[in-house]
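Asker: Starting off with a structure, shown below.
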Amino acid sequence: LIIVPKTKFNLGSYLAGLIEGDGSIIVPIKEKTPSGIINRAFFEICFHIKDYPLAETIKLKIGGFIRIRGNACILVIKKTESVLNLINLINGYMRTPKIEALFRLINWYNFKYKTNIIPLNLDQSSLQSNNWLSGFFDADGNFYLNWNLNKKGFPISLQYYIQLSQRKFYHRSSFVGTSYYEIMLKLSKFLSVPLTNINRDRKERKELGFSIRSGNYLSNY
């Protein structure tokens, strides 16, 4: 189980990275649906079902409810007070083009509820200054470990690495641009590893992306 940082500073930066990696910020275009139901702006954070304890831990800290969908569990934050709390937590810690969605959400709340939230620009601080990278890696990173065994069952080589992948472009026009190149380049320099282009299969379509990998291959040790 990954322990979410306890302080507001660390929790906010962690959640910003998590949402930018595997979260959604939904902002309605119209006030009501065709059937007359009032639309609401909200957050969703997607987890693998194995990470349910993490989703539950975050839910206890920021509110919301968890929806199970196949092998995924989705934390949904809809209540006004919980959404406002989450906005205040992550505002100023975003580092990718998805900040555009946060700005739309803030503008929506400022208009609808007469709040006076000031949207803060991209966080340009060092990646080691807060917990953003932890959240981003929890969303889109993975660890790999593979042993090769000889006929007697003894290990003769070991391959291990950590990898972080992200799509190339944000799906909306954004005032900070749509490319994820800058943040992925910053990550590659921070970890001293090359940045590569990849093609990712996403349900019946291919998506261009970036990837960074740090690891090694040991043989006959």
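Scheme for the structure tokens: letters A, B, ... for chains in order shown; per-chain residue numbers from 1; ligand numbers from 1 in order shown.
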Determine which residues of region 1-114 of chain A DSSP labels as strand (DSSP E or B) from the backbone of this structure, then write them out as a list in words.
Answerer: Gly23, Ser24, Ile25, Ile26, Lys32, Ile38, Phe42, Phe43, Glu44, Ile45, Cys46, Phe47, His48, Phe65, Ile66, Arg67, Ile68, Arg69, Ala72, Cys73, Ile74, Leu75, Val76 and Ile77 of chain A
Asker: Mind running region 4-108 of chain A against region 118-123 of chain A at 7 Å and telling me each contacting residue's nearest atom pair with the distance in Å (one decimal), counting only C-alpha atoms, chain and number ascending, as CSV?
Answerer:
```
residue,atom,partner,partner_atom,distance
A:Asn91,CA,A:Leu120,CA,6.0
A:Gly92,CA,A:Leu120,CA,4.8
A:Tyr93,CA,A:Asp123,CA,5.1
A:Met94,CA,A:Leu122,CA,5.4
A:Arg95,CA,A:Leu122,CA,5.1
A:Phe103,CA,A:Pro119,CA,6.1
A:Ile106,CA,A:Pro119,CA,6.8
```
Asker: Take the residues just selected and output them with C-alpha atoms as a short mmCIF file (atom, residue, chain, number, x, y, z; two decimals), in the first residue's frame.
Answerer:
```cif
data_model
loop_
_atom_site.label_atom_id
_atom_site.label_comp_id
_atom_site.auth_asym_id
_atom_site.auth_seq_id
_atom_site.Cartn_x
_atom_site.Cartn_y
_atom_site.Cartn_z
CA ASN A 91 -4.14 24.51 -7.60
CA GLY A 92 -0.56 25.61 -8.24
CA TYR A 93 0.87 22.08 -8.51
CA MET A 94 -0.19 21.13 -12.04
CA ARG A 95 2.67 20.57 -14.52
CA PHE A 103 -8.85 26.41 -15.14
CA ILE A 106 -12.30 27.03 -11.50
#
```
Asker: DSSP on the backbone: what in chain A comes out helix (DSSP H, G or I), as an MDAnalysis selection string?
Answerer: chainID A and resid 8:22 49:62 80:90 99:113 132:140 181:191
Asker: Which of these, A:Glu100, A:Asp140, A:Glu182, A:Glu56, has the shortest distance to Leu164 (chain A) once you count only C-alpha atoms?
Answerer: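 For Leu164 (chain A), the nearest of the candidates is A:Asp140.
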Asker: Using only C-alpha atoms, determine which residues lie at most 10 Å from Asn131 (chain A), disregarding the query and same-chain residues fewer than 2 positions distant; provide the list as a PDB file with N, CA and C atoms, in the first residue's frame.
Answerer:
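And here is the file that came out, result-v2.pdb:
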```
ATOM      1  N   VAL A   4      -0.231   7.860   1.295  1.00  0.00           N
ATOM      2  CA  VAL A   4      -0.397   9.223   0.796  1.00  0.00           C
ATOM      3  C   VAL A   4       0.167  10.190   1.827  1.00  0.00           C
ATOM      4  N   PRO A   5       0.968  11.158   1.418  1.00  0.00           N
ATOM      5  CA  PRO A   5       1.543  12.127   2.356  1.00  0.00           C
ATOM      6  C   PRO A   5       0.484  12.817   3.184  1.00  0.00           C
ATOM      7  N   PHE A   9       0.639  20.332   1.831  1.00  0.00           N
ATOM      8  CA  PHE A   9       1.597  20.622   0.766  1.00  0.00           C
ATOM      9  C   PHE A   9       1.891  19.366  -0.043  1.00  0.00           C
ATOM     10  N   ASN A  10       2.244  18.293   0.633  1.00  0.00           N
ATOM     11  CA  ASN A  10       2.582  17.060  -0.059  1.00  0.00           C
ATOM     12  C   ASN A  10       1.360  16.381  -0.666  1.00  0.00           C
ATOM     13  N   LEU A  11       0.224  16.428   0.011  1.00  0.00           N
ATOM     14  CA  LEU A  11      -0.993  15.808  -0.499  1.00  0.00           C
ATOM     15  C   LEU A  11      -1.449  16.506  -1.774  1.00  0.00           C
ATOM     16  N   GLY A  12      -1.400  17.825  -1.801  1.00  0.00           N
ATOM     17  CA  GLY A  12      -1.837  18.567  -2.971  1.00  0.00           C
ATOM     18  C   GLY A  12      -0.987  18.266  -4.194  1.00  0.00           C
ATOM     19  N   SER A  13       0.322  18.260  -4.043  1.00  0.00           N
ATOM     20  CA  SER A  13       1.201  17.985  -5.183  1.00  0.00           C
ATOM     21  C   SER A  13       1.067  16.531  -5.633  1.00  0.00           C
ATOM     22  N   TYR A  14       0.904  15.612  -4.679  1.00  0.00           N
ATOM     23  CA  TYR A  14       0.707  14.201  -5.017  1.00  0.00           C
ATOM     24  C   TYR A  14      -0.570  14.017  -5.830  1.00  0.00           C
ATOM     25  N   LEU A  15      -1.656  14.613  -5.374  1.00  0.00           N
ATOM     26  CA  LEU A  15      -2.947  14.470  -6.063  1.00  0.00           C
ATOM     27  C   LEU A  15      -2.919  15.134  -7.433  1.00  0.00           C
ATOM     28  N   ALA A  16      -2.195  16.244  -7.564  1.00  0.00           N
ATOM     29  CA  ALA A  16      -2.065  16.898  -8.869  1.00  0.00           C
ATOM     30  C   ALA A  16      -1.410  15.942  -9.865  1.00  0.00           C
ATOM     31  N   GLY A  17      -0.313  15.290  -9.461  1.00  0.00           N
ATOM     32  CA  GLY A  17       0.353  14.327 -10.330  1.00  0.00           C
ATOM     33  C   GLY A  17      -0.533  13.141 -10.662  1.00  0.00           C
ATOM     34  N   LEU A  18      -1.273  12.646  -9.675  1.00  0.00           N
ATOM     35  CA  LEU A  18      -2.162  11.504  -9.876  1.00  0.00           C
ATOM     36  C   LEU A  18      -3.270  11.844 -10.870  1.00  0.00           C
ATOM     37  N   TYR A  93      -0.034  23.232  -8.418  1.00  0.00           N
ATOM     38  CA  TYR A  93       0.865  22.082  -8.505  1.00  0.00           C
ATOM     39  C   TYR A  93       0.789  21.347  -9.840  1.00  0.00           C
ATOM     40  N   LEU A 127      11.443  18.958  -9.674  1.00  0.00           N
ATOM     41  CA  LEU A 127      10.628  17.756  -9.477  1.00  0.00           C
ATOM     42  C   LEU A 127      10.844  17.128  -8.113  1.00  0.00           C
ATOM     43  N   GLN A 128      11.967  17.421  -7.477  1.00  0.00           N
ATOM     44  CA  GLN A 128      12.223  16.845  -6.155  1.00  0.00           C
ATOM     45  C   GLN A 128      11.738  17.747  -5.029  1.00  0.00           C
ATOM     46  N   SER A 129      11.080  18.868  -5.381  1.00  0.00           N
ATOM     47  CA  SER A 129      10.645  19.812  -4.352  1.00  0.00           C
ATOM     48  C   SER A 129       9.329  19.412  -3.696  1.00  0.00           C
ATOM     49  N   LEU A 133       5.727  13.960  -8.638  1.00  0.00           N
ATOM     50  CA  LEU A 133       6.224  12.817  -9.401  1.00  0.00           C
ATOM     51  C   LEU A 133       5.705  11.495  -8.835  1.00  0.00           C
ATOM     52  N   SER A 134       5.546  11.412  -7.523  1.00  0.00           N
ATOM     53  CA  SER A 134       4.997  10.190  -6.913  1.00  0.00           C
ATOM     54  C   SER A 134       3.593   9.922  -7.431  1.00  0.00           C
ATOM     55  N   GLY A 135       2.760  10.964  -7.475  1.00  0.00           N
ATOM     56  CA  GLY A 135       1.399  10.798  -7.972  1.00  0.00           C
ATOM     57  C   GLY A 135       1.373  10.459  -9.450  1.00  0.00           C
ATOM     58  N   PHE A 136       2.202  11.152 -10.235  1.00  0.00           N
ATOM     59  CA  PHE A 136       2.244  10.924 -11.680  1.00  0.00           C
ATOM     60  C   PHE A 136       2.726   9.510 -11.981  1.00  0.00           C
TER      61      PHE A 136
END
```
Asker: What is the distance between CA of Ile77 (chain A) and CA of Ile19 (chain A), in Å to one decimal?
Answerer: 11.9 Å
Asker: Compile the contact shell of region 165-177 of chain A as an mmCIF file with C-alpha atoms, in the first residue's frame: residues with an atom at most 6 Å away, counting only C-alpha atoms, same-chain residues fewer than 3 positions apart removed.
Answerer:
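Contents of part_16.cif, freshly written:
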```cif
data_model
loop_
_atom_site.group_PDB
_atom_site.id
_atom_site.type_symbol
_atom_site.label_atom_id
_atom_site.label_comp_id
_atom_site.auth_asym_id
_atom_site.auth_seq_id
_atom_site.Cartn_x
_atom_site.Cartn_y
_atom_site.Cartn_z
ATOM 1 C CA GLU A 100 -6.534 23.773 -18.926
ATOM 2 C CA TYR A 180 3.577 16.674 -23.209
ATOM 3 C CA LEU A 208 1.391 8.380 -29.995
ATOM 4 C CA GLY A 209 3.237 8.862 -26.764
ATOM 5 C CA PHE A 210 6.499 9.462 -24.922
ATOM 6 C CA SER A 211 8.308 7.023 -22.663
#
```
Asker: For CA of Val83 (chain A) and CA of Gly64 (chain A), quote the distance in Å rounded to one decimal.
Answerer: 8.9 Å
Asker: Figure out the distance between CA of Trp132 (chain A) and CA of Leu102 (chain A), please, to one decimal in Å.
Answerer: 15.8 Å
Asker: Using only C-alpha atoms, which protein or nucleic acid residues come within 10 Å of region 67-70 of chain A? Drop anything in the same chain fewer than 3 positions from it, and give the result as a PDB file with all heavy atoms, in the first residue's frame.
Answerer:
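As a result, part.pdb now contains:
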```
ATOM      1  N   GLU A  44     -12.754  12.704 -11.454  1.00  0.00           N
ATOM      2  CA  GLU A  44     -12.674  11.250 -11.409  1.00  0.00           C
ATOM      3  C   GLU A  44     -11.201  10.852 -11.422  1.00  0.00           C
ATOM      4  O   GLU A  44     -10.409  11.417 -12.186  1.00  0.00           O
ATOM      5  CB  GLU A  44     -13.367  10.606 -12.612  1.00  0.00           C
ATOM      6  CG  GLU A  44     -14.875  10.636 -12.548  1.00  0.00           C
ATOM      7  CD  GLU A  44     -15.518   9.861 -13.704  1.00  0.00           C
ATOM      8  OE1 GLU A  44     -14.809   9.543 -14.681  1.00  0.00           O
ATOM      9  OE2 GLU A  44     -16.720   9.575 -13.605  1.00  0.00           O
ATOM     10  N   CYS A  46      -8.912   7.318 -11.743  1.00  0.00           N
ATOM     11  CA  CYS A  46      -9.018   5.895 -12.064  1.00  0.00           C
ATOM     12  C   CYS A  46      -7.840   5.112 -11.476  1.00  0.00           C
ATOM     13  O   CYS A  46      -6.689   5.548 -11.558  1.00  0.00           O
ATOM     14  CB  CYS A  46      -9.078   5.722 -13.577  1.00  0.00           C
ATOM     15  SG  CYS A  46      -9.408   4.029 -14.105  1.00  0.00           S
ATOM     16  N   PHE A  47      -8.144   3.955 -10.897  1.00  0.00           N
ATOM     17  CA  PHE A  47      -7.140   3.059 -10.320  1.00  0.00           C
ATOM     18  C   PHE A  47      -7.386   1.646 -10.830  1.00  0.00           C
ATOM     19  O   PHE A  47      -8.520   1.287 -11.163  1.00  0.00           O
ATOM     20  CB  PHE A  47      -7.228   3.018  -8.785  1.00  0.00           C
ATOM     21  CG  PHE A  47      -7.129   4.343  -8.100  1.00  0.00           C
ATOM     22  CD1 PHE A  47      -8.240   5.162  -7.973  1.00  0.00           C
ATOM     23  CD2 PHE A  47      -5.927   4.771  -7.554  1.00  0.00           C
ATOM     24  CE1 PHE A  47      -8.160   6.385  -7.315  1.00  0.00           C
ATOM     25  CE2 PHE A  47      -5.829   5.988  -6.900  1.00  0.00           C
ATOM     26  CZ  PHE A  47      -6.949   6.789  -6.784  1.00  0.00           C
ATOM     27  N   HIS A  48      -6.336   0.831 -10.869  1.00  0.00           N
ATOM     28  CA  HIS A  48      -6.536  -0.600 -11.075  1.00  0.00           C
ATOM     29  C   HIS A  48      -7.202  -1.155  -9.820  1.00  0.00           C
ATOM     30  O   HIS A  48      -7.000  -0.645  -8.717  1.00  0.00           O
ATOM     31  CB  HIS A  48      -5.195  -1.298 -11.329  1.00  0.00           C
ATOM     32  CG  HIS A  48      -5.354  -2.711 -11.807  1.00  0.00           C
ATOM     33  ND1 HIS A  48      -5.584  -3.767 -10.933  1.00  0.00           N
ATOM     34  CD2 HIS A  48      -5.334  -3.253 -13.058  1.00  0.00           C
ATOM     35  CE1 HIS A  48      -5.689  -4.886 -11.623  1.00  0.00           C
ATOM     36  NE2 HIS A  48      -5.541  -4.603 -12.917  1.00  0.00           N
ATOM     37  N   ILE A  49      -7.996  -2.194  -9.994  1.00  0.00           N
ATOM     38  CA  ILE A  49      -8.728  -2.762  -8.860  1.00  0.00           C
ATOM     39  C   ILE A  49      -7.789  -3.199  -7.731  1.00  0.00           C
ATOM     40  O   ILE A  49      -8.157  -3.169  -6.554  1.00  0.00           O
ATOM     41  CB  ILE A  49      -9.609  -3.953  -9.322  1.00  0.00           C
ATOM     42  CG1 ILE A  49     -10.612  -4.345  -8.242  1.00  0.00           C
ATOM     43  CG2 ILE A  49      -8.745  -5.118  -9.766  1.00  0.00           C
ATOM     44  CD1 ILE A  49     -11.639  -3.286  -7.931  1.00  0.00           C
ATOM     45  N   TYR A  52      -7.243  -0.653  -4.959  1.00  0.00           N
ATOM     46  CA  TYR A  52      -8.437  -0.208  -4.229  1.00  0.00           C
ATOM     47  C   TYR A  52      -8.092   0.378  -2.851  1.00  0.00           C
ATOM     48  O   TYR A  52      -8.666   1.399  -2.455  1.00  0.00           O
ATOM     49  CB  TYR A  52      -9.434  -1.357  -4.076  1.00  0.00           C
ATOM     50  CG  TYR A  52     -10.728  -0.945  -3.421  1.00  0.00           C
ATOM     51  CD1 TYR A  52     -11.812  -0.520  -4.186  1.00  0.00           C
ATOM     52  CD2 TYR A  52     -10.878  -0.969  -2.029  1.00  0.00           C
ATOM     53  CE1 TYR A  52     -12.999  -0.130  -3.584  1.00  0.00           C
ATOM     54  CE2 TYR A  52     -12.053  -0.579  -1.424  1.00  0.00           C
ATOM     55  CZ  TYR A  52     -13.116  -0.164  -2.205  1.00  0.00           C
ATOM     56  OH  TYR A  52     -14.279   0.239  -1.602  1.00  0.00           O
ATOM     57  N   GLY A  64     -15.835  11.773  -1.596  1.00  0.00           N
ATOM     58  CA  GLY A  64     -16.198  11.097  -2.833  1.00  0.00           C
ATOM     59  C   GLY A  64     -16.702   9.693  -2.599  1.00  0.00           C
ATOM     60  O   GLY A  64     -16.914   9.253  -1.467  1.00  0.00           O
ATOM     61  N   CYS A  73     -11.233   0.650 -10.476  1.00  0.00           N
ATOM     62  CA  CYS A  73     -12.078   1.319  -9.492  1.00  0.00           C
ATOM     63  C   CYS A  73     -11.875   2.823  -9.689  1.00  0.00           C
ATOM     64  O   CYS A  73     -10.752   3.288  -9.880  1.00  0.00           O
ATOM     65  CB  CYS A  73     -11.754   0.887  -8.060  1.00  0.00           C
ATOM     66  SG  CYS A  73     -10.035   1.077  -7.549  1.00  0.00           S
ATOM     67  N   ILE A  74     -12.975   3.554  -9.698  1.00  0.00           N
ATOM     68  CA  ILE A  74     -12.937   4.973 -10.023  1.00  0.00           C
ATOM     69  C   ILE A  74     -13.433   5.779  -8.834  1.00  0.00           C
ATOM     70  O   ILE A  74     -14.551   5.583  -8.353  1.00  0.00           O
ATOM     71  CB  ILE A  74     -13.814   5.275 -11.261  1.00  0.00           C
ATOM     72  CG1 ILE A  74     -13.316   4.441 -12.448  1.00  0.00           C
ATOM     73  CG2 ILE A  74     -13.778   6.760 -11.603  1.00  0.00           C
ATOM     74  CD1 ILE A  74     -14.256   4.448 -13.624  1.00  0.00           C
ATOM     75  N   LEU A  75     -12.573   6.661  -8.348  1.00  0.00           N
ATOM     76  CA  LEU A  75     -12.941   7.556  -7.260  1.00  0.00           C
ATOM     77  C   LEU A  75     -13.598   8.786  -7.879  1.00  0.00           C
ATOM     78  O   LEU A  75     -12.984   9.492  -8.676  1.00  0.00           O
ATOM     79  CB  LEU A  75     -11.706   7.956  -6.449  1.00  0.00           C
ATOM     80  CG  LEU A  75     -11.915   8.990  -5.340  1.00  0.00           C
ATOM     81  CD1 LEU A  75     -12.933   8.505  -4.316  1.00  0.00           C
ATOM     82  CD2 LEU A  75     -10.593   9.326  -4.667  1.00  0.00           C
ATOM     83  N   VAL A  76     -14.845   9.033  -7.515  1.00  0.00           N
ATOM     84  CA  VAL A  76     -15.613  10.151  -8.060  1.00  0.00           C
ATOM     85  C   VAL A  76     -15.816  11.186  -6.963  1.00  0.00           C
ATOM     86  O   VAL A  76     -16.300  10.865  -5.876  1.00  0.00           O
ATOM     87  CB  VAL A  76     -16.985   9.675  -8.595  1.00  0.00           C
ATOM     88  CG1 VAL A  76     -17.741  10.839  -9.231  1.00  0.00           C
ATOM     89  CG2 VAL A  76     -16.803   8.540  -9.598  1.00  0.00           C
TER      90      VAL A  76
END
```
Asker: Hey, which of A:Ile25, A:Ala139, A:Ile99, A:Ile117 ends up closest to Ala55 (chain A)? Count only C-alpha atoms.
Answerer: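 Distance minimum relative to Ala55 (chain A) lands on A:Ala139.
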